[in-house]
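Asks: File my_file-v5.pdb below, PDB, C-alpha atoms:
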MODEL        1
ATOM      1  CA  MET V   1      54.316  91.793  51.920
ATOM      2  CA  ARG V   2      55.924  91.730  55.359
ATOM      3  CA  ILE V   3      54.684  94.342  57.825
ATOM      4  CA  LYS V   4      56.853  95.470  60.741
ATOM      5  CA  VAL V   5      55.168  97.606  63.383
ATOM      6  CA  CYS V   6      57.847  99.650  65.088
ATOM      7  CA  CYS V   7      58.125 101.693  68.301
ATOM      8  CA  ILE V   8      56.235  99.057  70.314
ATOM      9  CA  SER V   9      56.174 100.382  73.882
ATOM     10  CA  SER V  10      54.251  97.793  75.913
ATOM     11  CA  PRO V  11      53.022  94.198  75.928
ATOM     12  CA  GLU V  12      49.553  95.545  75.097
ATOM     13  CA  GLU V  13      50.825  97.305  71.964
ATOM     14  CA  ALA V  14      52.620  94.114  70.988
ATOM     15  CA  ARG V  15      49.392  92.144  71.396
ATOM     16  CA  ILE V  16      47.423  94.614  69.256
ATOM     17  CA  ALA V  17      50.024  94.592  66.470
ATOM     18  CA  ILE V  18      50.215  90.794  66.424
ATOM     19  CA  GLU V  19      46.426  90.397  66.412
ATOM     20  CA  MET V  20      46.220  92.765  63.434
ATOM     21  CA  GLY V  21      48.695  90.605  61.509
ATOM     22  CA  ALA V  22      52.142  92.127  62.098
ATOM     23  CA  HIS V  23      54.987  89.907  60.949
ATOM     24  CA  ALA V  24      57.544  91.716  63.112
ATOM     25  CA  LEU V  25      57.754  94.150  66.022
ATOM     26  CA  GLY V  26      60.327  96.922  66.371
ATOM     27  CA  LEU V  27      61.650  97.548  69.891
ATOM     28  CA  VAL V  28      63.621 100.780  70.200
ATOM     29  CA  SER V  29      66.517 101.106  72.608
ATOM     30  CA  THR V  30      68.143 104.416  73.569
ATOM     31  CA  MET V  31      68.317 106.888  70.672
ATOM     32  CA  PRO V  32      69.633 110.454  70.261
ATOM     33  CA  SER V  33      66.142 111.591  69.166
ATOM     34  CA  GLY V  34      62.794 110.331  67.938
ATOM     35  CA  PRO V  35      59.862 108.377  69.379
ATOM     36  CA  GLY V  36      59.631 105.005  70.989
ATOM     37  CA  PRO V  37      62.738 104.271  73.121
ATOM     38  CA  ILE V  38      62.015 101.929  76.016
ATOM     39  CA  ASP V  39      64.112 100.343  78.738
ATOM     40  CA  GLU V  40      66.043  97.231  77.774
ATOM     41  CA  THR V  41      64.323  95.270  80.541
ATOM     42  CA  LEU V  42      60.965  96.015  78.933
ATOM     43  CA  ILE V  43      62.361  95.148  75.488
ATOM     44  CA  GLY V  44      63.384  91.770  76.849
ATOM     45  CA  GLU V  45      59.994  91.252  78.468
ATOM     46  CA  ILE V  46      58.135  91.990  75.237
ATOM     47  CA  ALA V  47      60.540  89.969  73.085
ATOM     48  CA  GLY V  48      60.166  86.999  75.395
ATOM     49  CA  SER V  49      56.370  87.069  75.112
ATOM     50  CA  VAL V  50      56.156  87.176  71.308
ATOM     51  CA  PRO V  51      54.874  83.927  69.763
ATOM     52  CA  PRO V  52      56.811  81.917  67.171
ATOM     53  CA  GLY V  53      56.405  83.269  63.668
ATOM     54  CA  VAL V  54      56.562  86.923  64.716
ATOM     55  CA  ASP V  55      60.025  88.461  64.547
ATOM     56  CA  THR V  56      61.445  90.888  67.104
ATOM     57  CA  PHE V  57      63.774  93.670  65.959
ATOM     58  CA  LEU V  58      66.086  95.413  68.417
ATOM     59  CA  LEU V  59      66.738  98.932  67.124
ATOM     60  CA  THR V  60      70.139 100.155  68.261
ATOM     61  CA  CYS V  61      72.234 103.221  67.489
ATOM     62  CA  LYS V  62      75.378 101.671  68.927
ATOM     63  CA  SER V  63      78.270 101.273  66.501
ATOM     64  CA  ASP V  64      80.688  98.840  68.155
ATOM     65  CA  ALA V  65      80.166  95.100  68.047
ATOM     66  CA  GLY V  66      80.647  94.511  71.760
ATOM     67  CA  SER V  67      77.899  96.891  72.802
ATOM     68  CA  ILE V  68      75.496  95.574  70.158
ATOM     69  CA  ILE V  69      76.138  91.943  71.134
ATOM     70  CA  ASP V  70      75.628  92.764  74.828
ATOM     71  CA  GLN V  71      72.291  94.455  74.029
ATOM     72  CA  LEU V  72      71.130  91.474  72.013
ATOM     73  CA  ARG V  73      72.014  89.060  74.803
ATOM     74  CA  ARG V  74      70.136  91.177  77.347
ATOM     75  CA  THR V  75      67.033  91.677  75.221
ATOM     76  CA  ARG V  76      66.858  88.297  73.408
ATOM     77  CA  CYS V  77      65.618  89.838  70.149
ATOM     78  CA  ARG V  78      65.886  87.712  67.031
ATOM     79  CA  THR V  79      66.926  90.496  64.648
ATOM     80  CA  VAL V  80      69.099  93.565  65.127
ATOM     81  CA  GLN V  81      68.288  96.755  63.229
ATOM     82  CA  LEU V  82      71.374  98.948  62.966
ATOM     83  CA  VAL V  83      70.063 102.495  62.566
ATOM     84  CA  ASP V  84      73.446 104.156  62.090
ATOM     85  CA  GLU V  85      76.822 103.284  60.593
ATOM     86  CA  VAL V  86      78.742 100.639  62.502
ATOM     87  CA  GLU V  87      82.414  99.855  62.834
ATOM     88  CA  PRO V  88      83.789  97.789  59.915
ATOM     89  CA  ASP V  89      84.239  94.601  61.934
ATOM     90  CA  ALA V  90      80.843  94.763  63.649
ATOM     91  CA  TYR V  91      78.922  92.623  61.155
ATOM     92  CA  GLU V  92      81.410  89.742  61.266
ATOM     93  CA  ALA V  93      81.634  89.898  65.052
ATOM     94  CA  ILE V  94      77.852  89.765  65.482
ATOM     95  CA  ARG V  95      77.672  86.814  63.083
ATOM     96  CA  SER V  96      80.408  84.997  64.966
ATOM     97  CA  GLU V  97      78.984  85.531  68.453
ATOM     98  CA  LEU V  98      75.270  85.298  67.623
ATOM     99  CA  PRO V  99      74.934  83.252  64.430
ATOM    100  CA  THR V 100      71.131  82.927  64.640
ATOM    101  CA  VAL V 101      70.516  86.682  64.868
ATOM    102  CA  ARG V 102      69.550  88.359  61.603
ATOM    103  CA  ILE V 103      71.145  91.710  60.739
ATOM    104  CA  VAL V 104      69.226  94.558  59.111
ATOM    105  CA  GLN V 105      71.086  97.747  58.195
ATOM    106  CA  VAL V 106      69.174 101.013  57.944
ATOM    107  CA  ILE V 107      69.998 103.207  54.970
ATOM    108  CA  HIS V 108      68.809 106.797  55.305
ATOM    109  CA  VAL V 109      67.794 107.841  51.795
ATOM    110  CA  GLN V 110      68.800 111.472  51.335
ATOM    111  CA  ASP V 111      70.165 111.238  47.787
ATOM    112  CA  ARG V 112      71.388 108.630  45.303
ATOM    113  CA  GLY V 113      74.467 108.068  47.433
ATOM    114  CA  ALA V 114      72.215 105.695  49.367
ATOM    115  CA  ILE V 115      72.546 103.217  46.500
ATOM    116  CA  GLU V 116      76.336 103.078  46.786
ATOM    117  CA  GLU V 117      76.056 102.815  50.545
ATOM    118  CA  SER V 118      73.717  99.851  50.160
ATOM    119  CA  LEU V 119      75.974  98.078  47.691
ATOM    120  CA  ALA V 120      78.872  98.445  50.124
ATOM    121  CA  VAL V 121      77.069  96.760  53.043
ATOM    122  CA  GLN V 122      74.704  94.267  51.400
ATOM    123  CA  GLU V 123      77.118  91.338  51.616
ATOM    124  CA  HIS V 124      77.214  91.712  55.406
ATOM    125  CA  VAL V 125      73.482  91.843  56.148
ATOM    126  CA  ASP V 126      70.261  89.880  55.755
ATOM    127  CA  ALA V 127      68.188  92.877  54.666
ATOM    128  CA  LEU V 128      68.203  96.652  54.255
ATOM    129  CA  LEU V 129      65.664  99.090  55.650
ATOM    130  CA  LEU V 130      65.247 102.392  53.816
ATOM    131  CA  ASP V 131      64.319 105.264  56.112
ATOM    132  CA  SER V 132      64.199 109.065  56.123
ATOM    133  CA  GLY V 133      66.569 110.016  58.920
ATOM    134  CA  ARG V 134      69.343 112.579  58.972
ATOM    135  CA  PRO V 135      72.332 110.875  60.578
ATOM    136  CA  LYS V 136      74.601 113.887  60.008
ATOM    137  CA  ALA V 137      72.308 116.391  61.762
ATOM    138  CA  ASP V 138      73.599 118.119  64.908
ATOM    139  CA  ILE V 139      71.197 115.887  66.844
ATOM    140  CA  LYS V 140      71.017 112.704  64.822
ATOM    141  CA  GLU V 141      67.641 111.658  63.421
ATOM    142  CA  LEU V 142      67.788 107.889  63.008
ATOM    143  CA  GLY V 143      64.134 106.970  62.546
ATOM    144  CA  GLY V 144      60.577 107.770  63.519
ATOM    145  CA  THR V 145      60.622 111.078  61.658
ATOM    146  CA  GLY V 146      57.199 110.714  60.037
ATOM    147  CA  ARG V 147      58.737 111.898  56.747
ATOM    148  CA  THR V 148      58.739 110.147  53.418
ATOM    149  CA  HIS V 149      61.765 110.307  51.133
ATOM    150  CA  ASP V 150      62.307 110.079  47.385
ATOM    151  CA  TRP V 151      60.773 106.722  46.525
ATOM    152  CA  SER V 152      62.291 106.779  43.043
ATOM    153  CA  ILE V 153      65.711 106.425  44.683
ATOM    154  CA  SER V 154      64.385 103.620  46.870
ATOM    155  CA  ALA V 155      63.008 101.854  43.799
ATOM    156  CA  SER V 156      66.360 102.075  42.019
ATOM    157  CA  LEU V 157      68.122 100.840  45.136
ATOM    158  CA  ARG V 158      65.751  97.889  45.505
ATOM    159  CA  GLU V 159      66.371  96.917  41.872
ATOM    160  CA  THR V 160      70.154  97.128  42.365
ATOM    161  CA  VAL V 161      70.780  95.177  45.558
ATOM    162  CA  ARG V 162      70.518  91.426  46.089
ATOM    163  CA  VAL V 163      69.040  91.408  49.605
ATOM    164  CA  PRO V 164      65.437  92.067  50.720
ATOM    165  CA  VAL V 165      64.468  95.701  51.237
ATOM    166  CA  PHE V 166      62.046  97.136  53.790
ATOM    167  CA  LEU V 167      60.589 100.593  53.157
ATOM    168  CA  ALA V 168      60.058 102.989  56.076
ATOM    169  CA  GLY V 169      59.477 106.694  56.588
ATOM    170  CA  GLY V 170      56.127 108.450  56.826
ATOM    171  CA  LEU V 171      53.997 105.460  55.853
ATOM    172  CA  ASN V 172      50.299 105.396  56.702
ATOM    173  CA  ALA V 173      47.011 104.063  55.355
ATOM    174  CA  SER V 174      46.686 106.858  52.805
ATOM    175  CA  ASN V 175      50.038 106.281  51.074
ATOM    176  CA  ALA V 176      50.707 102.570  51.647
ATOM    177  CA  ALA V 177      49.370 101.458  48.249
ATOM    178  CA  GLU V 178      51.344 104.163  46.435
ATOM    179  CA  ALA V 179      54.507 103.164  48.305
ATOM    180  CA  ILE V 180      54.082  99.524  47.327
ATOM    181  CA  ARG V 181      53.533 100.402  43.662
ATOM    182  CA  ALA V 182      56.466 102.818  43.597
ATOM    183  CA  VAL V 183      59.098 100.694  45.335
ATOM    184  CA  ARG V 184      57.898  97.065  45.359
ATOM    185  CA  PRO V 185      59.675  96.383  48.651
ATOM    186  CA  PHE V 186      59.912  93.102  50.511
ATOM    187  CA  GLY V 187      58.230  94.731  53.489
ATOM    188  CA  LEU V 188      56.886  97.929  55.033
ATOM    189  CA  ASP V 189      57.926  99.422  58.363
ATOM    190  CA  LEU V 190      55.702 101.881  60.208
ATOM    191  CA  CYS V 191      55.639 103.851  63.431
ATOM    192  CA  SER V 192      54.165 107.365  63.646
ATOM    193  CA  GLY V 193      51.604 106.791  60.886
ATOM    194  CA  VAL V 194      49.622 104.388  63.086
ATOM    195  CA  ARG V 195      49.869 106.320  66.346
ATOM    196  CA  THR V 196      47.728 108.933  68.054
ATOM    197  CA  ASN V 197      49.259 111.021  70.849
ATOM    198  CA  GLY V 198      52.212 108.652  70.852
ATOM    199  CA  ARG V 199      50.148 105.504  71.368
ATOM    200  CA  LEU V 200      49.491 102.715  68.915
ATOM    201  CA  ASP V 201      46.070 103.366  67.374
ATOM    202  CA  ALA V 202      44.241 100.130  66.572
ATOM    203  CA  THR V 203      41.934 101.873  64.103
ATOM    204  CA  LYS V 204      44.804 103.402  62.142
ATOM    205  CA  LEU V 205      46.657 100.100  62.163
ATOM    206  CA  ARG V 206      43.560  98.248  60.912
ATOM    207  CA  GLN V 207      43.184 100.805  58.110
ATOM    208  CA  PHE V 208      46.838 100.362  57.185
ATOM    209  CA  PHE V 209      46.527  96.595  56.895
ATOM    210  CA  ALA V 210      43.358  97.016  54.825
ATOM    211  CA  ALA V 211      45.155  99.393  52.442
ATOM    212  CA  VAL V 212      48.049  96.959  52.031
ATOM    213  CA  GLY V 213      45.711  94.027  51.544
ATOM    214  CA  ALA V 214      43.808  95.825  48.822
ATOM    215  CA  GLU V 215      47.055  96.498  46.932
ATOM    216  CA  VAL V 216      48.738  93.106  47.214
TER
ENDMDL
END
How does this structure look as C-alpha cells?

Replies:
Amino acid sequence: MRIKVCCISSPEEARIAIEMGAHALGLVSTMPSGPGPIDETLIGEIAGSVPPGVDTFLLTCKSDAGSIIDQLRRTRCRTVQLVDEVEPDAYEAIRSELPTVRIVQVIHVQDRGAIEESLAVQEHVDALLLDSGRPKADIKELGGTGRTHDWSISASLRETVRVPVFLAGGLNASNAAEAIRAVRPFGLDLCSGVRTNGRLDATKLRQFFAAVGAEV
C-alpha cells in the first residue's frame, strides 16, 4: 500500500513524512481554493532534498501543456498530478518533453460518470487519483476538501480501469482500514486528516500509518 502525504509545506514537514514511511510527497502549486499551496521556489527546494525512493508529486491546476512543462522544469518534481481537466494534447506533449516524468490524473468522484471519465484518460496516464473535489463549482474545489466520496463508485472504477488507482478525500486514522477494504486501491493520499491547525501532525500521521499497517 503506497502512502502519499500531500500538502507538504516545508522541509521539516517533508522530513517528518519521510521518517514516518511516506512513499511520496505532494507539493501543491497555486490553486483556486483549498489548503497547502506553496511557492514554486519552495517546491523545488523540497523536491531537491527528497532522497531516492521517495516520489515527489507536483500538484497543478494548469490545463495547457506548456505551462505544466514549465512548472515541472522549475520545480524538478518526478510526478505531475493534474487536478483538473487538461487540453487534449497535454498528455502527449508532457510525455514528449519530459519522458521520465510520471503523469497522474485526478478524477473527482461525484457520480458514476467518473468511471467513464477514467476510461477516457487511462491510456494517457500512469495512474489515477480519486478525490472529492467539485471542479464545476463557482470557485473550483480541486482537492484538500476533507470530504470522503462514494467509495462504492471508487471500487467499481478501480475494478474497471487498467492503471493503478490512488484513493484520496477525507482519509484519516479512523477510516483508513475501511477505505482499504472498500476500494482496495494501489495507494492512499492524505492531507487534512493528518493536520492540526494547518500543520502536519506527527501523532496523527503515526496513527494513520499504524491503522494502515494493521489492515494490510

Asks: Go through V:Cys61, V:Leu25, V:Leu205, V:Met31 and flag the residue nearest Ser49 of chain V, using all atoms listed in the file for the distances.

Replies: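 Nearest to Ser49 of chain V: V:Leu25.
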
Asks: Decode the PyMOL selection byres ((chain V and resi 3) around 9) for the given file into explicit residues and return them as JSON, numbers by chain.

Replies: {"V": [1, 2, 4, 5, 21, 22, 23, 24, 25, 166, 187, 188, 189, 190, 209]}

Asks: Can you list, as JSON, numbers by chain, the residues that the PyMOL selection byres ((chain V and resi 65) around 12) selects here?

Replies: {"V": [60, 61, 62, 63, 64, 66, 67, 68, 69, 70, 71, 72, 80, 82, 85, 86, 87, 88, 89, 90, 91, 92, 93, 94, 95, 96, 97, 98]}

Asks: So that I have them on file, write out the residues from the current selection with C-alpha atoms, as a PDB file, keeping the file's coordinate frame.

Replies:
ATOM      1  CA  THR V  60      70.139 100.155  68.261  1.00  0.00           C
ATOM      2  CA  CYS V  61      72.234 103.221  67.489  1.00  0.00           C
ATOM      3  CA  LYS V  62      75.378 101.671  68.927  1.00  0.00           C
ATOM      4  CA  SER V  63      78.270 101.273  66.501  1.00  0.00           C
ATOM      5  CA  ASP V  64      80.688  98.840  68.155  1.00  0.00           C
ATOM      6  CA  GLY V  66      80.647  94.511  71.760  1.00  0.00           C
ATOM      7  CA  SER V  67      77.899  96.891  72.802  1.00  0.00           C
ATOM      8  CA  ILE V  68      75.496  95.574  70.158  1.00  0.00           C
ATOM      9  CA  ILE V  69      76.138  91.943  71.134  1.00  0.00           C
ATOM     10  CA  ASP V  70      75.628  92.764  74.828  1.00  0.00           C
ATOM     11  CA  GLN V  71      72.291  94.455  74.029  1.00  0.00           C
ATOM     12  CA  LEU V  72      71.130  91.474  72.013  1.00  0.00           C
ATOM     13  CA  VAL V  80      69.099  93.565  65.127  1.00  0.00           C
ATOM     14  CA  LEU V  82      71.374  98.948  62.966  1.00  0.00           C
ATOM     15  CA  GLU V  85      76.822 103.284  60.593  1.00  0.00           C
ATOM     16  CA  VAL V  86      78.742 100.639  62.502  1.00  0.00           C
ATOM     17  CA  GLU V  87      82.414  99.855  62.834  1.00  0.00           C
ATOM     18  CA  PRO V  88      83.789  97.789  59.915  1.00  0.00           C
ATOM     19  CA  ASP V  89      84.239  94.601  61.934  1.00  0.00           C
ATOM     20  CA  ALA V  90      80.843  94.763  63.649  1.00  0.00           C
ATOM     21  CA  TYR V  91      78.922  92.623  61.155  1.00  0.00           C
ATOM     22  CA  GLU V  92      81.410  89.742  61.266  1.00  0.00           C
ATOM     23  CA  ALA V  93      81.634  89.898  65.052  1.00  0.00           C
ATOM     24  CA  ILE V  94      77.852  89.765  65.482  1.00  0.00           C
ATOM     25  CA  ARG V  95      77.672  86.814  63.083  1.00  0.00           C
ATOM     26  CA  SER V  96      80.408  84.997  64.966  1.00  0.00           C
ATOM     27  CA  GLU V  97      78.984  85.531  68.453  1.00  0.00           C
ATOM     28  CA  LEU V  98      75.270  85.298  67.623  1.00  0.00           C
TER      29      LEU V  98
END

Asks: Just checking: using only C-alpha atoms, which residue out of V:Gly170, V:Thr196, V:Pro164, V:Ala202 ends up closest to Arg184 of chain V?

Replies: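 Closest candidate: V:Pro164.
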
Asks: When you draw a straight line from atom CA of Ala179 of chain V to atom CA of Asp150 of chain V, how long is it in Å?

Replies: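 Result for atom CA of Ala179 of chain V versus atom CA of Asp150 of chain V: 10.5 Å, one decimal.
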
Asks: What's around segment 108-125 of chain V at 9 Å? Count all atoms listed in the file, leave out sequence neighbours fewer than 6 positions away in its own chain, and write the answer as a list in words.

Replies: Val83, Asp84, Tyr91, Glu92, Arg102, Asp131, Ser132, Gly133, Arg134, Pro135, Leu142, Gly143, His149, Asp150, Trp151, Ile153, Ser154, Ser156, Leu157, Arg158, Thr160, Val161, Arg162 and Val163 of chain V

Asks: Give me, as a ChimeraX atom specification, all polymer residues having an atom no more than 9 Å from Arg74 of chain V, counting all atoms listed in the file and skipping those fewer than 5 positions away in the same chain.

Replies: /V:40-41,43-44,69

Asks: Limited to C-alpha atoms, could you put the picked residues into a file as an mmCIF file, in the frame of the given file?

Replies:
data_model
loop_
_atom_site.group_PDB
_atom_site.id
_atom_site.type_symbol
_atom_site.label_atom_id
_atom_site.label_comp_id
_atom_site.auth_asym_id
_atom_site.auth_seq_id
_atom_site.Cartn_x
_atom_site.Cartn_y
_atom_site.Cartn_z
ATOM 1 C CA GLU V 40 66.043 97.231 77.774
ATOM 2 C CA THR V 41 64.323 95.270 80.541
ATOM 3 C CA ILE V 43 62.361 95.148 75.488
ATOM 4 C CA GLY V 44 63.384 91.770 76.849
ATOM 5 C CA ILE V 69 76.138 91.943 71.134
#

Asks: Assuming the chain letters and numbering stay as they are in my file, what does the PyMOL selection byres ((chain V and resi 129) around 7) actually select? List them as an MDAnalysis selection string.

Replies: chainID V and resid 104:107 127:128 130:131 165:168

Asks: Measuring atom to atom with all atoms listed in the file, identify which of V:Leu42, V:Val101, V:Val216, V:Ala210 is nearest to Phe186 of chain V.

Replies: V:Val216

Asks: Please compute the atom CA of Asn175 of chain V-atom CA of Gly213 of chain V distance, one decimal, in Å.

Replies: 13.0 Å

Asks: Taking all atoms listed in the file into account, which of V:Thr203, V:Ser10, V:Thr79, V:Ser152 comes nearest Leu58 of chain V?

Replies: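 Looking only at the distances to Leu58 of chain V, the closest residue turns out to be V:Thr79.
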
Asks: Around (55.7, 98.5, 69.5), as given in the file, which residues come within 10 Å? Count all atoms listed in the file and list them as a PyMOL selection string.

Replies: chain V and resi 4-18+24-28+36-38+43+46+56+190-191+199-200

Asks: Please compute the atom CA of Arg76 of chain V-atom CA of Ser33 of chain V distance, one decimal, in Å.

Replies: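 Those two atoms sit 23.7 Å apart.
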
Asks: Closest to Pro32 of chain V among V:Glu178, V:Glu215, V:Asp138, V:Glu45, using only C-alpha atoms?

Replies: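 Ranked by minimum distance to Pro32 of chain V, first place goes to V:Asp138.
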
Asks: Centre and edge lengths, as JSON, for the axis-aligned box enclosing every listed atom of segment 208-212 of chain V with 8 Å of padding on each of the six sides, in Å to one decimal?

Replies:
{"center_x": 45.7, "center_y": 98.5, "center_z": 54.6, "size_x": 20.7, "size_y": 19.8, "size_z": 21.2}
